[in-house]
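Q: Below you'll find the structure I mean.
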Amino acid sequence: MASKLTQSNKAGWLMAFPGIALIAAFIIVPFFLAFAFSLTNQRLASPNPTEYVGFDNYRDLLGLAIFTLEPERGENGQVLRDDEGAIEYPRLRTFTRNNPDYPQLDGKREWFSWQSGENRTVVLASDVVFMRAVVNTFFFVIFVAPVQAGIALGLALLINQKLRGINVFRTIYFMPVVVSIVVVSLLWKFIYSPGDGLLNNILGWLSFGLFEPRDWLGSTSTALPSIIAMSIWQGVGFHMVIWLAGLQTISPTLYEAAEIEGSNKWQTFRYVTWPGLRNTAVLILIVITMQAFALYAQINVMTRGGPLDSTQVFVFQAVVRGYERQDISGGSAISVILFLIVLAISLIQRYLTREKN
Amino acid sequence: MAAVSHDNRGLRLAARYAALILVAIIFIFPLLFMAMSSLKPDQQLLNDTNSLRAFLPVGDISFQNYWDAFDRAPIGVFVLNSVLITGATVLLTLFVCSLAAFSFVFLDWKGKEVIFSILLATLIIPYETIFIPLLLMASQLPWIGTEGLEIGWLNTYRVQIIPFIADGLSIFLFVQYFRDLPRELIEASRVEGASWWMIYRKVVMPLSGPVIATAAILKFLFMYNQYLWPLMVVQEEAIRPVMVGLGYFTDQLNVPWGEVMAYLTVITVPVLAFYLSLQRVFIASVASTGVKG
Amino acid sequence: MTRNMTLAAICVAGLAAPAAAQTELSLWYHGAGSANAEEALVNQLVEEFNASQSDWQVVIETFPQLAYNDAVGAAALAGELPDILDVDGPVMPNWAWAGYMQPLGIDEATLEDYLPGTIGRWNGEVYSVGLWDAAVAMTTRRSTLEAYGIRVPTLDAPWTGDEFTEALMTIRDSGDFEYPLDLGMAWRGEWYPYAFSPLLQSFGGDIIDRSTYQSAEGVLNGDAAIAFGEWWQMLFQENLAPGTSQDAADRDAGLLNGTYAISWNGNWAALPVVEAFGDDALFLPAPDFGNGSVIGGASWQFGVSATSENPDGARAFIEFALQDRWFSAFSDGTGLIPPTASAAADTANYAAGGALEVFYGLSEAQALVRPVTPGYIVQALIFENALADIANGADVLDALDAAVDEIGADIEANDGYGH
């Protein structure tokens, strides 16, 4: 929008108005309503009056505290140890529940802790599940965005060849995208099934029986990676097509020029292809990041946040709270926080990928 | 390149196809599993997941699951509703959002920059998180119908369409694309005295095949996969979309897996058809339009 | 057969439709696509009611089960509730408290002989009545138990907790089954509190302190609950039962195809077992872990919405449904338990000597309704999470404490839920 093409207030407004009005009415207004809810104790269904509570909902989500537990000591001041020799500590809950000496810990729970000498330092959170959702979501975004964009680019290059029947492959690679994510999740639940599930069997054949069957969605170490792998499988075809569209806008004359100058494949990619894909790259990163943050259906169908909160994510938490637990105000607060985080990330992304003149 | 022998070239071609086929297998095997399973009775379907038979039409093969599925739920109604709702939304989205993007890119008007930034920010609000306020609003919105003024949009097609026509992402897609169009083309038309509307219609849109396809596919997928919203705003079976219909199969105590697979296959066909039609018309034609020359 | 009857009913309804305007009553029902006799019977019930009188015309709208409660919540929010609501028993207090429902206004004397789980009470008033109840049982085969020398328990002498655990170990050690016990962990949602909180209650704990309904402290994290939690975790650590990643398909077919030896399952799944195993099929009471053998009570029931403009009509419909002949018809069609003994005597499965007779006894003797409080719907989710976490290896006391804290916070946020 740099160039001053034409000043035309009337036509400009007229053409943009339907879009602006619809977004204002059906996205912006509800979002501000959600923000308003987040400052109250609004419930989905309740005869109790709605009251303004300020930022309580945010404090209940984001509250953190650090606390150092000292070991239990015997009469002589020696550190008590249990049968296995581990140091014994007082139960954290004696500090966090109804203990007037530690008002800052009230209602909080242990998020994680580490050992420092005889003491144990504990980081407590008002809402441990939410904190885990934050961490998982970021893990998902940080991992999925670049990997998926990279795989998609690789596929786009693979599919951008002039070969007989290439359109068939193009269509096949795109097929998972058009299948509903709910459908895909149901199918992959079969595939990830523990014991003699499909994936375990396939890996078993490929390794001639050496592979030990796993409980893909049932163990904390593989649940989130399994969902990530499935999400990449499902979404990568779409990003491949965006890359492909970008690739095809690069003029063939540039490639011819590169060939005349005798550049090798990598040089061609580095100096011809990649610069021509800048806009596409920005678009893809933004689209993937947004999709990753909106992660919901896979979690809802496959793990419901488990095992042990290892697959809790933002939007799933917002939905569980707002709808299932009928806590509209808490769910809305999560939405607002999500909005602020994604806003910050897209500003950073825009800064990092800005055109350097 | 001239030095490469004929054999070598053939080998290379074979390697390329091998790579393409290997990747294709990875992408297709769950869908193959779905389609094949839809032809098998439940017990065999479950037993077959232990072997390669899961991907083969072997054993007791029939279309019985499809007949049973159509017996269990009004599938035709659901698919028709989804196609109608999705189709209407996609068309309106393409028009409204491309028009807005056109205005943002080619025209200058007061407040443009600010409004564009705000619209961009809305692109990161997941719909799931605003459905409750949206529901409260939708229940109070007026509408002028055949019987005069009505209050409330619930239980209608429009409540499933209108809120989703305009969105930040679609506008953003068009804006990105329009920015790369050669400006001389627009300026020349302007000098020749064409109105903005004519330029939009006759110059810009005909050049926008790829972005139209991209925006259309994205919106189509989003709309076709809607679940939470129709669940909240639609109570009548007659206007239910496909994803809510899935519950007719999966919410049972003894899930009829064969019928589930049949239903999944049936509801996947329209999307696949939509994509195939677009791929042929638009994506393949990107190269030939020679937009960037 | 059902279809023909339905057709006949439509014809009758068509002929009987009088010129005088009938007031339309809307009815929402949760069983869309169930394709079993239940949906057909509900339709038949509606048609016969419409034909039986000339004031009211009930129009039915069905929903997929898992979507039903959300749909009702959304409709309430938008002021669009129907006249007659189908409601899951334990959810009813929430809907009554939130103002979705009004008291039924039916003479309680007529409900005297009903199974306790079929009547929904809140604040001393009846809000809903069910045409059936459901019950769960340890489902297995006599031959399986005999093969491993395990005693066949009875209603009066159920397995003790230790006896049960030992039996599971014996079966596991034989290596004949993938798992000895199938708890139905694949069925996330209401199944967890419905099927598993009775086990906790048998240990002496509960989801919430029922004397006040204001806290779960000491009940969900007391000694009894900890003992339950440790036993629960042991089931999964010792490979006695498949965990939360259980395949839903295995849940459906595992007992029949020999993957599991014993299945903790409802009577709605009992008929296929009888068909497959005949006299060999056994439906056994829950083990007694010290505080008696307990199962959950209450299933889906009918009530009147608070916003109905025609509560008289809604009541007339429900009263029409509360007849032994309907109870028997539903029971015969679906395998569910009829609410009265007189109806039971008239059914194929619950009459003396019937294949499922044992369930009526179970329901009558052991059924304990889930906590009768508007907060139950949230407490159920918290309980479900805690059980899943413990099954997945979380520290038992930490998980229970966390659940107690969450329940307490929710009750506080709702000003005590009107108790």
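Labeling convention for the structure tokens: chains A, B, ... as they appear, residues from 1 per chain, ligands from 1 in order of appearance.
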Would you mind listing, as a ChimeraX atom specification, all residues of chain B that have at least one atom within 7 Å of chain A, where only C-alpha atoms are what counts?
A: /B:20,24,27-28,30,49-51,96-97,99-100,103,105-110,121,124-126,129-130,133-134,163,166-167,210,221,225,264,268,271-272,283,286-287,292-293
Q: List every residue of chain B that has an atom at most 8 Å from any atom of chain C, giving for each one its closest atom pair and the distance in Å to one decimal, counting only C-alpha atoms, sorted by chain and then by ascending residue number, as a Markdown table.
A:
```
| residue | atom | partner | partner_atom | distance |
| --- | --- | --- | --- | --- |
| B:Leu46 | CA | C:Ala249 | CA | 7.2 |
| B:Arg72 | CA | C:Gly33 | CA | 5.2 |
| B:Ala73 | CA | C:Gly33 | CA | 5.8 |
| B:Leu135 | CA | C:Ala78 | CA | 7.1 |
| B:Leu136 | CA | C:Ala78 | CA | 6.0 |
| B:Ser139 | CA | C:Ala78 | CA | 5.4 |
| B:Leu231 | CA | C:Ala71 | CA | 6.0 |
| B:Met232 | CA | C:Ala71 | CA | 5.3 |
| B:Val233 | CA | C:Ala74 | CA | 7.3 |
| B:Gln235 | CA | C:Ala71 | CA | 7.4 |
| B:Glu236 | CA | C:Glu61 | CA | 6.6 |
| B:Glu237 | CA | C:Glu61 | CA | 7.0 |
| B:Val244 | CA | C:Pro64 | CA | 7.6 |
| B:Gly245 | CA | C:Pro64 | CA | 7.5 |
| B:Gly247 | CA | C:Pro64 | CA | 5.0 |
| B:Tyr248 | CA | C:Gly33 | CA | 4.4 |
| B:Phe249 | CA | C:Gly33 | CA | 6.5 |
| B:Asp251 | CA | C:Gln65 | CA | 5.7 |
| B:Gln252 | CA | C:Ser34 | CA | 6.3 |
| B:Leu253 | CA | C:Asp252 | CA | 7.8 |
| B:Asn254 | CA | C:Asp252 | CA | 5.7 |
| B:Val255 | CA | C:Ala249 | CA | 7.5 |
| B:Trp257 | CA | C:Ala249 | CA | 7.8 |
```
Q: Write the residues of the selection above to a file with C-alpha atoms, as a PDB file, in the first residue's frame.
A:
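File produced: selection-v4.pdb:
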```pdb
ATOM      1  CA  LEU B  46     -11.673 -54.803  13.336  1.00  0.00           C
ATOM      2  CA  ARG B  72     -29.752 -44.717  10.271  1.00  0.00           C
ATOM      3  CA  ALA B  73     -29.528 -41.062   9.364  1.00  0.00           C
ATOM      4  CA  LEU B 135     -24.820 -17.114  19.990  1.00  0.00           C
ATOM      5  CA  LEU B 136     -26.290 -14.512  22.334  1.00  0.00           C
ATOM      6  CA  SER B 139     -30.595 -15.058  19.091  1.00  0.00           C
ATOM      7  CA  LEU B 231     -24.661 -27.653  17.154  1.00  0.00           C
ATOM      8  CA  MET B 232     -25.397 -24.520  19.140  1.00  0.00           C
ATOM      9  CA  VAL B 233     -27.646 -22.671  16.694  1.00  0.00           C
ATOM     10  CA  GLN B 235     -32.040 -27.653  16.499  1.00  0.00           C
ATOM     11  CA  GLU B 236     -33.978 -28.913  13.502  1.00  0.00           C
ATOM     12  CA  GLU B 237     -32.745 -32.057  11.853  1.00  0.00           C
ATOM     13  CA  VAL B 244     -23.257 -32.888  13.443  1.00  0.00           C
ATOM     14  CA  GLY B 245     -24.611 -35.892  11.593  1.00  0.00           C
ATOM     15  CA  GLY B 247     -22.820 -38.086  15.993  1.00  0.00           C
ATOM     16  CA  TYR B 248     -25.643 -40.288  14.695  1.00  0.00           C
ATOM     17  CA  PHE B 249     -22.971 -42.946  14.252  1.00  0.00           C
ATOM     18  CA  ASP B 251     -22.451 -41.440  19.770  1.00  0.00           C
ATOM     19  CA  GLN B 252     -23.706 -44.985  20.026  1.00  0.00           C
ATOM     20  CA  LEU B 253     -22.746 -47.393  22.757  1.00  0.00           C
ATOM     21  CA  ASN B 254     -21.797 -50.039  20.242  1.00  0.00           C
ATOM     22  CA  VAL B 255     -20.315 -47.918  17.507  1.00  0.00           C
ATOM     23  CA  TRP B 257     -17.617 -48.937  12.702  1.00  0.00           C
TER      24      TRP B 257
END
```
Q: Find the nearest atom pair between each residue of chain C and chain A for residues within 6 Å, count only C-alpha atoms, give distances in Å to one decimal, sort rows by chain and ascending number, and present the table as JSON lines.
A:
```
{"residue": "C:Ala98", "atom": "CA", "partner": "A:Ser46", "partner_atom": "CA", "distance": 4.6}
{"residue": "C:Ser245", "atom": "CA", "partner": "A:Gly218", "partner_atom": "CA", "distance": 4.9}
{"residue": "C:Val378", "atom": "CA", "partner": "A:Arg325", "partner_atom": "CA", "distance": 5.3}
{"residue": "C:Asp389", "atom": "CA", "partner": "A:Leu308", "partner_atom": "CA", "distance": 5.2}
```
Q: Next, the residues of the selection above should be written as a PDB file, in the first residue's frame with N, CA and C atoms.
A:
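Final output, selection_39.pdb:
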```
ATOM      1  N   ALA C  98     -30.529 -23.993  37.256  1.00  0.00           N
ATOM      2  CA  ALA C  98     -30.226 -22.934  36.301  1.00  0.00           C
ATOM      3  C   ALA C  98     -31.490 -22.334  35.693  1.00  0.00           C
ATOM      4  N   SER C 245      -6.103 -45.359  26.800  1.00  0.00           N
ATOM      5  CA  SER C 245      -5.936 -45.405  25.349  1.00  0.00           C
ATOM      6  C   SER C 245      -6.636 -46.622  24.753  1.00  0.00           C
ATOM      7  N   VAL C 378     -19.936 -30.429  36.688  1.00  0.00           N
ATOM      8  CA  VAL C 378     -18.525 -30.039  36.728  1.00  0.00           C
ATOM      9  C   VAL C 378     -17.730 -31.060  37.539  1.00  0.00           C
ATOM     10  N   ASP C 389      -5.980 -39.497  35.160  1.00  0.00           N
ATOM     11  CA  ASP C 389      -4.606 -39.182  35.565  1.00  0.00           C
ATOM     12  C   ASP C 389      -4.014 -40.292  36.427  1.00  0.00           C
TER      13      ASP C 389
END
```
Q: Considering only C-alpha atoms, return as an MDAnalysis selection string whatever protein or nucleic-acid residues lie within 8 Å of B:Tyr66, sequence-local ones (same chain, fewer than 5 positions apart) excluded.
A: chainID B and resid 38 259 262:263
Q: Could you turn the residues from that selection into a file that holds N, CA, C and O atoms, as a tab-separated table (two decimals), in the first residue's frame?
A:
```
chain	number	residue	atom	x	y	z
B	38	SER	N	-15.14	-49.47	4.84
B	38	SER	CA	-16.57	-49.19	4.69
B	38	SER	C	-17.27	-50.33	3.96
B	38	SER	O	-18.49	-50.39	3.93
B	259	GLU	N	-20.37	-48.66	9.37
B	259	GLU	CA	-21.22	-47.55	8.94
B	259	GLU	C	-20.50	-46.22	9.13
B	259	GLU	O	-20.67	-45.30	8.33
B	262	ALA	N	-18.40	-45.84	6.23
B	262	ALA	CA	-19.23	-45.54	5.06
B	262	ALA	C	-19.63	-44.06	5.09
B	262	ALA	O	-19.54	-43.36	4.08
B	263	TYR	N	-20.05	-43.59	6.24
B	263	TYR	CA	-20.46	-42.18	6.36
B	263	TYR	C	-19.29	-41.26	6.07
B	263	TYR	O	-19.41	-40.28	5.33
```
Q: Taking the chain letters and numbering used in this document, name the residues of stretch 14-250 of chain B that DSSP puts in alpha helix (DSSP H), as number ranges by chain.
A: B: 14-37, 42-48, 64-72, 75-106, 112-122, 131-138, 158-161, 168-179, 183-191, 196-198, 209-224, 228-233, 242-245, 247-250
Q: Quick one: residues within 8 Å of A:Phe67, only C-alpha atoms, excluding same-chain residues fewer than 3 positions away - as number ranges by chain?
A: A: 121-124
